[in-house]
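Everything below belongs to run_13.txt, which stores compact mmCIF, C-alpha atoms.
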```txt
# COMPACT_ATOMS: atom_id res chain seq x y z
CA MET A 21 -98.68 74.74 -207.37
CA GLU A 22 -95.87 75.23 -209.85
CA THR A 23 -96.42 74.29 -213.47
CA SER A 24 -93.73 73.05 -215.81
CA PRO A 25 -92.75 75.43 -218.60
CA VAL A 26 -94.21 74.60 -221.99
CA ALA A 27 -91.53 73.24 -224.29
CA ALA A 28 -90.97 75.02 -227.57
CA PRO A 29 -92.04 73.12 -230.69
CA ARG A 30 -89.33 70.85 -231.96
CA PRO A 31 -88.28 71.26 -235.61
CA VAL A 32 -89.24 68.47 -237.95
CA ALA A 33 -86.40 66.18 -238.93
CA ASP A 34 -86.98 66.03 -242.68
CA PRO A 35 -88.86 69.08 -243.99
CA TYR A 36 -89.61 67.52 -247.37
CA SER A 37 -91.05 64.07 -246.67
CA ALA A 38 -94.80 63.49 -247.01
CA ALA A 39 -95.13 62.87 -243.27
CA THR A 40 -93.34 66.03 -242.24
CA THR A 41 -95.23 68.06 -244.85
CA ARG A 42 -98.38 67.07 -242.97
CA LEU A 43 -96.72 68.12 -239.69
CA VAL A 44 -95.78 71.50 -241.16
CA HIS A 45 -99.35 71.93 -242.39
CA ARG A 46 -100.63 71.29 -238.84
CA ALA A 47 -98.00 73.66 -237.42
CA ARG A 48 -99.17 76.37 -239.82
CA GLU A 49 -102.81 75.86 -238.87
CA ALA A 50 -101.87 76.01 -235.18
CA ARG A 51 -99.86 79.20 -235.70
CA LEU A 52 -102.77 80.89 -237.44
CA ALA A 53 -105.08 79.82 -234.61
CA GLY A 54 -102.67 81.14 -231.99
CA GLU A 55 -101.97 77.65 -230.67
CA ARG A 56 -98.77 75.69 -230.09
CA ALA A 57 -98.04 72.68 -232.29
CA ALA A 58 -96.08 69.58 -231.34
CA ALA A 59 -93.62 70.19 -234.17
CA GLY A 60 -92.63 73.38 -235.91
CA PRO A 61 -91.19 74.34 -239.30
CA ARG A 62 -87.55 75.03 -240.05
CA ALA A 63 -86.16 78.18 -238.41
CA GLU A 64 -86.06 80.19 -241.65
CA ILE A 65 -89.68 79.26 -242.45
CA ASP A 66 -90.80 80.05 -238.90
CA ALA A 67 -89.18 83.50 -239.12
CA SER A 68 -90.81 84.10 -242.52
CA TRP A 69 -94.26 83.15 -241.19
CA ASN A 70 -93.76 85.69 -238.41
CA ARG A 71 -92.85 88.40 -240.95
CA ALA A 72 -95.93 87.55 -243.03
CA LEU A 73 -98.16 87.81 -239.96
CA ARG A 74 -96.64 91.18 -239.03
CA SER A 75 -97.14 92.39 -242.61
CA GLY A 76 -100.82 91.52 -242.48
CA VAL A 77 -100.71 88.94 -245.28
CA ASP A 78 -103.96 86.96 -245.43
CA PRO A 79 -103.17 83.21 -245.53
CA GLU A 80 -106.35 82.63 -247.56
CA GLN A 81 -105.69 85.39 -250.09
CA SER A 82 -104.87 84.86 -253.75
CA THR A 83 -101.40 85.70 -255.04
CA GLU A 84 -102.66 88.09 -257.69
CA SER A 85 -100.91 91.45 -257.94
CA ARG A 86 -101.04 94.44 -260.25
CA LEU A 87 -98.65 93.62 -263.09
CA LEU A 88 -96.08 96.12 -264.26
CA ALA A 89 -96.69 97.67 -267.66
CA THR A 90 -94.69 96.23 -270.54
CA GLU A 91 -92.67 99.45 -270.84
CA GLU A 92 -91.76 99.31 -267.16
CA ILE A 93 -90.69 95.67 -267.42
CA GLU A 94 -88.43 96.49 -270.35
CA HIS A 95 -86.97 99.48 -268.48
CA ARG A 96 -86.16 97.31 -265.48
CA ARG A 97 -84.64 94.63 -267.69
CA ARG A 98 -82.30 97.19 -269.23
CA SER A 99 -81.47 98.75 -265.86
CA THR A 100 -80.42 95.65 -263.92
CA PRO A 101 -76.99 94.00 -264.30
CA ILE A 102 -78.67 90.61 -264.12
CA GLY A 103 -79.95 91.15 -267.66
CA GLY A 104 -76.42 90.73 -268.97
CA VAL A 105 -76.15 87.18 -267.60
CA MET A 106 -79.53 85.91 -268.77
CA PRO A 107 -77.92 83.65 -271.44
CA LEU A 108 -75.95 81.92 -268.69
CA LEU A 109 -79.06 81.55 -266.52
CA ARG A 110 -81.04 80.12 -269.42
CA ASP A 111 -78.30 77.60 -270.20
CA GLY A 112 -77.77 76.68 -266.55
CA LEU A 113 -81.35 76.55 -265.27
CA ALA A 114 -84.08 77.04 -267.86
CA VAL A 115 -83.19 73.91 -269.83
CA ILE A 116 -83.12 71.79 -266.66
CA ALA A 117 -86.35 73.36 -265.41
CA ASP A 118 -88.06 72.46 -268.67
CA ALA A 119 -86.84 68.87 -268.48
CA THR A 120 -88.05 68.47 -264.88
CA ARG A 121 -91.47 70.08 -265.44
CA GLN A 122 -90.57 73.32 -263.68
CA ILE A 123 -89.90 76.92 -264.67
CA MET A 124 -87.05 79.35 -264.07
CA VAL A 125 -88.05 82.78 -262.75
CA VAL A 126 -85.74 85.80 -262.48
CA THR A 127 -86.75 88.93 -260.55
CA ASP A 128 -85.28 92.33 -259.80
CA ASP A 129 -84.23 93.54 -256.33
CA GLU A 130 -87.88 94.28 -255.43
CA GLY A 131 -89.11 90.78 -256.20
CA ARG A 132 -90.80 91.80 -259.47
CA VAL A 133 -90.69 89.03 -262.09
CA LEU A 134 -88.73 90.16 -265.16
CA TRP A 135 -88.13 86.85 -266.95
CA ARG A 136 -89.53 83.32 -266.80
CA GLN A 137 -88.92 80.27 -268.94
CA GLY A 138 -89.44 76.53 -268.68
CA HIS A 139 -91.96 73.75 -269.20
CA PRO A 140 -94.95 75.05 -271.23
CA ALA A 141 -97.60 73.30 -269.10
CA VAL A 142 -96.11 74.70 -265.89
CA MET A 143 -95.81 78.15 -267.47
CA HIS A 144 -99.55 77.99 -268.16
CA ARG A 145 -100.31 76.73 -264.65
CA ALA A 146 -98.14 79.48 -263.13
CA LYS A 147 -100.57 82.08 -264.48
CA ASP A 148 -103.15 80.74 -262.02
CA ILE A 149 -100.97 81.97 -259.14
CA CYS A 150 -99.80 85.12 -260.97
CA LEU A 151 -96.24 83.85 -261.29
CA GLU A 152 -95.75 85.82 -264.48
CA GLU A 153 -93.76 88.75 -265.79
CA GLY A 154 -94.41 91.98 -263.89
CA ALA A 155 -95.90 90.30 -260.80
CA ALA A 156 -94.83 91.08 -257.23
CA TRP A 157 -93.39 88.19 -255.20
CA SER A 158 -91.95 89.87 -252.12
CA GLU A 159 -92.98 88.44 -248.75
CA SER A 160 -95.13 91.49 -248.04
CA ALA A 161 -97.13 90.71 -251.21
CA THR A 162 -97.40 86.91 -251.15
CA GLY A 163 -96.11 85.74 -247.79
CA THR A 164 -93.54 82.98 -247.44
CA ASN A 165 -92.20 81.89 -250.84
CA ALA A 166 -88.69 81.22 -252.10
CA ILE A 167 -88.38 84.47 -254.07
CA GLY A 168 -89.68 86.72 -251.30
CA THR A 169 -87.90 84.90 -248.49
CA ALA A 170 -84.56 84.88 -250.35
CA LEU A 171 -85.11 88.60 -250.90
CA ALA A 172 -85.83 89.18 -247.20
CA THR A 173 -82.95 87.09 -245.87
CA ARG A 174 -80.42 87.69 -248.67
CA ALA A 175 -79.76 83.93 -248.60
CA PRO A 176 -80.72 80.86 -250.69
CA VAL A 177 -83.88 79.11 -249.52
CA GLN A 178 -86.19 76.29 -250.58
CA VAL A 179 -89.92 76.46 -249.74
CA HIS A 180 -92.02 73.36 -250.20
CA SER A 181 -95.76 72.80 -250.10
CA ALA A 182 -97.29 73.76 -246.72
CA GLU A 183 -94.24 75.87 -245.85
CA HIS A 184 -95.80 78.56 -248.05
CA PHE A 185 -97.80 80.98 -245.91
CA VAL A 186 -100.60 81.47 -248.47
CA ARG A 187 -102.66 78.30 -248.87
CA VAL A 188 -103.02 78.52 -252.66
CA LEU A 189 -99.27 77.86 -252.97
CA HIS A 190 -99.33 74.56 -251.07
CA THR A 191 -99.29 72.60 -254.34
CA TRP A 192 -96.03 74.30 -255.36
CA THR A 193 -92.35 73.91 -254.53
CA CYS A 194 -89.67 76.52 -255.19
CA ALA A 195 -85.98 77.21 -254.60
CA ALA A 196 -84.33 80.61 -254.96
CA ALA A 197 -80.99 82.33 -254.47
CA PRO A 198 -79.94 86.00 -254.51
CA VAL A 199 -77.57 87.46 -257.10
CA ARG A 200 -75.29 90.32 -256.00
CA ASP A 201 -73.38 92.89 -258.00
CA PRO A 202 -69.68 92.13 -257.23
CA ARG A 203 -68.80 95.81 -257.72
CA ASP A 204 -70.62 96.95 -254.58
CA GLY A 205 -72.25 93.88 -253.03
CA ARG A 206 -75.73 95.22 -253.80
CA LEU A 207 -78.44 92.63 -254.40
CA VAL A 208 -79.62 92.93 -258.01
CA GLY A 209 -82.13 90.10 -258.28
CA ILE A 210 -83.37 86.64 -257.39
CA VAL A 211 -83.04 83.45 -259.42
CA ASP A 212 -85.77 80.87 -258.76
CA VAL A 213 -86.92 77.47 -259.94
CA SER A 214 -90.61 76.70 -259.25
CA GLY A 215 -92.96 73.88 -260.11
CA PRO A 216 -95.64 71.53 -258.82
CA ALA A 217 -94.90 70.09 -255.39
CA SER A 218 -94.67 66.65 -256.99
CA ALA A 219 -91.62 67.89 -258.93
CA PHE A 220 -89.65 68.57 -255.73
CA HIS A 221 -86.04 67.38 -255.62
CA PRO A 222 -83.69 68.04 -252.67
CA THR A 223 -80.80 69.06 -254.95
CA THR A 224 -82.72 71.88 -256.63
CA LEU A 225 -81.57 74.46 -254.08
CA ALA A 226 -77.91 73.51 -254.56
CA LEU A 227 -78.35 73.80 -258.33
CA VAL A 228 -79.99 77.23 -258.09
CA GLY A 229 -77.30 78.44 -255.66
CA SER A 230 -74.52 77.23 -257.95
CA VAL A 231 -75.99 78.95 -261.01
CA ALA A 232 -76.49 82.19 -259.02
CA ALA A 233 -72.81 81.99 -258.03
CA LEU A 234 -71.86 81.47 -261.69
CA ALA A 235 -73.90 84.54 -262.59
CA GLU A 236 -72.03 86.59 -259.99
CA SER A 237 -68.73 85.25 -261.33
CA GLU A 238 -69.72 86.29 -264.85
CA LEU A 239 -70.63 89.78 -263.60
CA ARG A 240 -67.21 89.94 -261.92
CA ASN A 241 -65.44 88.94 -265.14
CA ARG A 242 -67.37 91.57 -267.09
CA HIS A 243 -66.33 94.15 -264.52
CA LEU A 244 -62.67 93.19 -264.89
CA VAL A 245 -62.96 93.53 -268.66
CA ALA A 246 -64.52 96.97 -268.25
CA ILE A 247 -61.69 98.00 -265.89
CA GLU A 248 -59.10 96.86 -268.44
CA ARG A 249 -60.87 98.87 -271.12
CA LEU A 250 -60.89 101.94 -268.87
CA ARG A 251 -57.20 101.38 -268.04
CA SER A 252 -56.31 101.55 -271.73
CA VAL A 253 -58.03 104.94 -271.91
CA ALA A 254 -56.46 106.15 -268.65
CA ALA A 255 -52.82 105.25 -269.29
CA PRO A 256 -52.00 107.92 -271.93
CA ILE A 257 -53.94 110.56 -269.97
CA LEU A 258 -52.11 109.96 -266.69
CA CYS A 259 -48.73 109.97 -268.48
CA ARG A 260 -49.28 113.62 -269.39
CA LEU A 261 -50.37 114.73 -265.92
CA GLY A 262 -48.30 115.77 -262.94
CA GLY A 263 -49.25 115.40 -259.31
CA ARG A 264 -51.62 112.89 -257.78
CA ALA A 265 -54.35 111.50 -260.01
CA LEU A 266 -56.32 108.33 -260.58
CA VAL A 267 -58.96 106.95 -262.91
CA VAL A 268 -61.87 105.01 -261.43
CA ASP A 269 -65.01 103.44 -262.82
CA THR A 270 -68.48 104.66 -261.87
CA HIS A 271 -68.39 102.55 -258.70
CA GLY A 272 -65.01 103.90 -257.56
CA TRP A 273 -62.89 100.89 -258.54
CA PRO A 274 -59.46 102.11 -259.73
CA ALA A 275 -58.19 101.46 -263.24
CA ALA A 276 -54.94 103.44 -262.97
CA VAL A 277 -53.11 105.58 -260.41
CA SER A 278 -50.33 108.18 -260.79
CA GLY A 279 -48.26 109.95 -258.15
CA MET A 280 -49.87 108.19 -255.18
CA PRO A 281 -50.13 104.74 -253.59
CA PRO A 282 -52.71 102.33 -255.04
CA VAL A 283 -56.18 102.43 -253.51
CA ASP A 284 -58.61 99.54 -253.10
CA ARG A 285 -61.70 101.55 -253.92
CA LEU A 286 -62.55 105.24 -253.90
CA PRO A 287 -65.83 106.12 -252.13
CA LEU A 288 -67.75 108.37 -254.52
CA PRO A 289 -70.72 110.66 -253.85
CA ARG A 290 -74.04 109.25 -255.02
CA SER A 291 -74.46 112.16 -257.40
CA MET A 292 -70.95 112.43 -258.84
CA ARG A 293 -70.49 115.43 -261.12
CA PRO A 294 -67.65 117.09 -263.03
CA GLY A 295 -65.80 119.97 -261.41
CA GLN A 296 -64.47 120.53 -257.92
CA VAL A 297 -65.56 117.78 -255.54
CA TRP A 298 -64.60 117.13 -251.94
CA LEU A 299 -63.80 113.42 -251.46
CA ALA A 300 -63.46 112.25 -247.88
CA SER A 301 -60.39 110.08 -248.50
CA LEU A 302 -58.49 112.53 -250.75
CA GLY A 303 -59.69 116.04 -249.97
CA MET A 304 -60.40 118.60 -252.70
CA CYS A 305 -60.30 117.06 -256.18
CA ARG A 306 -60.93 118.07 -259.76
CA VAL A 307 -63.16 115.49 -261.46
CA GLU A 308 -63.59 114.98 -265.20
CA PRO A 309 -65.75 112.35 -266.96
CA LEU A 310 -64.24 109.55 -269.02
CA PRO A 311 -65.95 106.77 -270.99
CA GLY A 312 -66.99 104.36 -268.24
CA GLY A 313 -65.52 106.31 -265.34
CA TRP A 314 -63.91 109.43 -263.92
CA LEU A 315 -60.53 111.14 -263.95
CA VAL A 316 -59.84 112.34 -260.40
CA ARG A 317 -57.02 114.87 -259.88
CA VAL A 318 -56.10 115.63 -256.28
CA ALA A 319 -55.75 119.38 -255.65
CA ASP A 320 -52.50 119.28 -253.67
CA GLY A 321 -51.83 122.41 -251.67
CA SER A 322 -55.41 123.63 -252.06
CA PRO A 323 -55.86 126.83 -250.05
CA ASP A 324 -59.35 125.78 -249.06
CA GLY A 325 -58.06 123.52 -246.31
CA PRO A 326 -59.56 120.44 -244.68
CA PRO A 327 -63.04 120.05 -243.15
CA ARG A 328 -63.59 122.25 -240.11
CA ARG A 329 -66.60 120.73 -238.36
CA VAL A 330 -68.01 117.26 -237.69
CA VAL A 331 -71.54 116.67 -236.37
CA LEU A 332 -72.19 113.17 -234.99
CA ASP A 333 -75.96 112.76 -235.08
CA LEU A 334 -77.11 110.12 -232.58
CA SER A 335 -80.56 111.64 -232.02
CA ARG A 336 -82.45 108.83 -233.81
CA GLU A 337 -81.63 105.12 -233.59
CA ARG A 338 -82.58 104.56 -237.24
CA GLY A 339 -80.90 107.72 -238.48
CA LEU A 340 -77.36 107.46 -237.16
CA ALA A 341 -75.16 109.71 -239.29
CA VAL A 342 -72.08 111.88 -239.43
CA HIS A 343 -72.14 115.28 -241.15
CA VAL A 344 -68.83 116.84 -242.22
CA THR A 345 -68.56 120.53 -243.11
CA GLY A 346 -65.73 121.19 -245.56
CA PRO A 347 -64.60 123.89 -247.95
CA VAL A 348 -67.32 123.11 -250.51
CA GLY A 349 -70.22 122.54 -248.14
CA THR A 350 -71.52 119.69 -246.01
CA TRP A 351 -71.64 116.00 -246.85
CA SER A 352 -73.19 113.22 -244.79
CA ARG A 353 -72.80 109.50 -244.29
CA ARG A 354 -75.06 106.98 -242.56
CA LEU A 355 -73.44 105.03 -239.73
CA SER A 356 -73.79 101.48 -238.53
CA PRO A 357 -74.40 101.15 -234.76
CA ARG A 358 -70.82 99.90 -234.29
CA HIS A 359 -69.28 102.85 -236.13
CA ALA A 360 -71.54 105.22 -234.21
CA GLU A 361 -70.20 103.75 -230.95
CA LEU A 362 -66.64 104.12 -232.18
CA LEU A 363 -67.01 107.76 -233.23
CA TYR A 364 -68.88 108.54 -230.01
CA ALA A 365 -65.94 107.21 -227.98
CA LEU A 366 -63.53 109.39 -229.98
CA ALA A 367 -65.83 112.41 -229.56
CA LEU A 368 -65.78 111.93 -225.77
CA HIS A 369 -61.99 111.52 -225.70
CA ARG A 370 -60.61 114.27 -227.92
CA GLU A 371 -57.13 113.58 -226.58
CA GLY A 372 -57.23 110.24 -228.40
CA ARG A 373 -57.52 106.55 -227.59
CA THR A 374 -55.24 103.60 -228.15
CA ALA A 375 -56.61 100.43 -229.75
CA ALA A 376 -56.72 98.79 -226.32
CA GLU A 377 -58.62 101.73 -224.82
CA LEU A 378 -61.14 101.67 -227.65
CA ALA A 379 -61.54 97.91 -227.19
CA GLN A 380 -62.39 98.59 -223.55
CA ASP A 381 -64.80 101.37 -224.59
CA LEU A 382 -66.64 99.19 -227.10
CA PHE A 383 -66.38 95.65 -225.74
CA GLY A 384 -65.21 95.92 -222.14
CA ASP A 385 -62.22 93.85 -223.24
CA PRO A 386 -58.90 95.62 -223.93
CA THR A 387 -57.52 92.57 -225.76
CA ARG A 388 -59.89 92.94 -228.75
CA THR A 389 -57.54 95.28 -230.57
CA VAL A 390 -57.67 93.40 -233.88
CA THR A 391 -61.42 94.02 -234.14
CA VAL A 392 -60.97 97.68 -233.23
CA ARG A 393 -58.26 98.23 -235.82
CA ALA A 394 -60.43 96.60 -238.50
CA GLU A 395 -63.37 98.86 -237.64
CA ILE A 396 -61.14 101.95 -237.56
CA SER A 397 -59.83 101.03 -241.00
CA ARG A 398 -63.39 100.85 -242.36
CA VAL A 399 -64.31 104.21 -240.83
CA ARG A 400 -61.18 105.90 -242.15
CA ARG A 401 -62.08 104.94 -245.73
CA HIS A 402 -64.71 107.68 -245.55
CA LEU A 403 -63.41 109.97 -242.79
CA ALA A 404 -59.65 109.94 -243.32
CA GLU A 405 -59.54 113.73 -243.55
CA VAL A 406 -60.94 114.23 -240.04
CA LEU A 407 -59.51 111.20 -238.19
CA ALA A 408 -55.91 110.94 -237.03
CA HIS A 409 -54.09 107.97 -235.52
CA ARG A 410 -51.33 107.19 -233.00
CA PRO A 411 -53.49 107.60 -230.97
CA TYR A 412 -56.84 107.36 -232.73
CA ARG A 413 -58.62 110.72 -232.49
CA PHE A 414 -60.42 113.49 -234.31
CA ASP A 415 -57.97 115.97 -235.78
CA GLU A 416 -57.18 118.80 -233.37
CA GLU A 417 -58.34 121.46 -235.86
CA VAL A 418 -61.78 119.89 -236.30
CA GLU A 419 -64.73 121.04 -234.21
CA VAL A 420 -66.81 118.04 -233.11
CA GLU A 421 -70.45 118.21 -232.00
CA VAL A 422 -72.58 115.29 -230.80
CA VAL A 423 -76.35 115.56 -231.24
CA HIS A 424 -77.95 113.52 -228.44
CA PRO A 425 -81.53 112.19 -228.31
CA ASP A 426 -84.03 114.01 -226.11
CA GLN A 427 -84.02 111.20 -223.54
CA PRO A 428 -80.69 109.84 -222.21
CA ALA A 429 -82.02 106.27 -222.39
CA ASP A 430 -82.47 106.66 -226.16
CA LEU A 431 -78.73 107.10 -226.79
CA LEU A 432 -77.92 104.07 -228.97
CA PRO A 433 -80.53 102.13 -226.95
CA ARG A 434 -79.47 98.68 -228.19
CA SER A 435 -75.80 99.29 -227.50
CA THR A 436 -74.01 97.39 -224.73
CA ALA A 437 -70.71 99.22 -225.26
CA PRO A 438 -69.39 100.38 -221.86
CA VAL A 439 -68.73 103.89 -223.18
CA VAL A 440 -72.39 104.23 -224.20
CA VAL A 441 -73.87 102.48 -221.16
CA GLY A 442 -71.81 104.76 -218.89
CA ALA A 443 -72.93 107.87 -220.77
CA ARG A 444 -76.59 106.86 -220.50
CA ALA A 445 -76.23 106.25 -216.77
CA SER A 446 -74.41 109.53 -216.17
CA ALA A 447 -76.93 111.57 -218.13
CA GLY A 448 -79.85 109.86 -216.38
CA ALA A 449 -78.40 110.64 -212.96
CA VAL A 450 -78.11 114.36 -213.63
```

Represent the supplied structure as structure tokens.
Amino acid sequence: METSPVAAPRPVADPYSAATTRLVHRAREARLAGERAAAGPRAEIDASWNRALRSGVDPEQSTESRLLATEEIEHRRRSTPIGGVMPLLRDGLAVIADATRQIMVVTDDEGRVLWRQGHPAVMHRAKDICLEEGAAWSESATGTNAIGTALATRAPVQVHSAEHFVRVLHTWTCAAAPVRDPRDGRLVGIVDVSGPASAFHPTTLALVGSVAALAESELRNRHLVAIERLRSVAAPILCRLGGRALVVDTHGWPAAVSGMPPVDRLPLPRSMRPGQVWLASLGMCRVEPLPGGWLVRVADGSPDGPPRRVVLDLSRERGLAVHVTGPVGTWSRRLSPRHAELLYALALHREGRTAAELAQDLFGDPTRTVTVRAEISRVRRHLAEVLAHRPYRFDEEVEVEVVHPDQPADLLPRSTAPVVVGARASAGAV
């Protein structure tokens, strides 16, 4: 006798009403018991519960954590760009949090609390759940909570009452949003407003998101000011130089260029140093430090020549990388799965591929040339010295080696690109 498939739990309509809070509580209890509930939480909460379960978080645990030492807190405050916009955050959130019986909390990119401010009674109550400076609030430490979940998803989120994975937080509500450094897109911290569940308001998340966006805008404005300052230093220097040269800040953003077309951003080595440096997009360069940046002089006509060998390492799914051997040694770059597929196709076809042929290799659809050209453009930002175009190919003078995994089936195992699927099938048939 056939049985009907069990329907998946339906999401609750209003995640913040008293009735649906009770439904979410029952859904949480059912999840912990390994049972299926009639209604489930929102998708982002459901995914967070699953992460907490996989991390081994105890739903009945306390939220206590070992606090950072005062010296370490101060070091982290000085090291994060978010410290420079704290006045804006205090004006935009802390005052409102105080008035609504809540507190503002600001963390670093690990979810460690660096600042908090707000209503005195709530500040005192927050100590009971270790929501204080130096505490850890990542999901792996305290389960589902706005700080940790925003950190995990890199997106704004509001967590109310029983949506928290750890039971002791069910009397709290919180809304948090990430703050990114506009210079490189790196997440630098989380801005959060927390308080008693009775203080919940549906607009809190929008407010927190707006203030986080203002903080990012302020960081962007400060960066532009710093670039202008560096440009004033660079202009008289470049006027005296011949040949190709440019001045960039410590993140590679250009302040001034001489003898060459403008560049959007110059990829720099993680450990930039003065002296001769091989830069993938420019070749051999002479680098000198400047206040707030670097003077980069391109060594035109350098006898050392371009890179001579490229190793495409596809041996480990989580360690996809390309290694380029040049005149000053070997440098490496991690690859996304898509860029690994693209370079693998070019390694198989040394004669070169058109955009349409690469679209067929990657997507099985020769019309997706716009996507291919965009991906090629991103790859060439770092590998311009070894990649040619018209057609797209590795330079004829470059030796290319592909390091395969031990088992053919492990070659980019999640890839559905025809060029990879065909290679796996061919290797498995041998």

Handout entry: A:Val406, A:Ile102, A:Trp135, A:Glu308 ranked by distance to A:Ser237, top pick (using all atoms listed in the file)
Key =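 Of all the options, A:Ile102 lies closest to A:Ser237.
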
Exercise for the section: Counting only C-alpha atoms, figure out which residue out of A:Ala182, A:Leu288, A:Ala376, A:Pro294 gets nearest to A:Trp351. Expected result: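 Of all the options, A:Leu288 lies closest to A:Trp351.
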
Practice task
Just give me the gap between atom CA of A:Ser160 and atom CA of A:Arg71 in Å, one decimal is fine.
Solution key: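 So the two atoms, atom CA of A:Ser160 and atom CA of A:Arg71, lie 8.1 Å apart.
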
Completion exercise
Counting all atoms listed in the file, the residue among A:Glu153, A:Glu405, A:Asp212, A:Glu55 that lies closest to A:Ala197 is A:Asp212

Fill in the blank from the handout: Of A:Gly163, A:Ile93, A:His139, A:Gly60, the one sitting nearest A:Val77 when using all atoms listed in the file is A:Gly163

Starting from 4 Å padding per side, set up an axis-aligned box that covers all listed atoms of stretch 195-198 of chain A and hand over centre and edge lengths in Å, one decimal, as AutoDock Vina command-line options.
```
--center_x -83.0 --center_y 81.6 --center_z -254.7 --size_x 14.0 --size_y 16.8 --size_z 8.5
```

Exercise for the section: Kindly extract all protein, DNA and RNA residues lying within 12 Å of the coordinates (-82.7, 109.4, -238.5) given in the file, considering all atoms listed in the file, and supply them as a VMD selection string. Expected result: chain A and resid 332 to 342 353 to 356 423 to 425 432
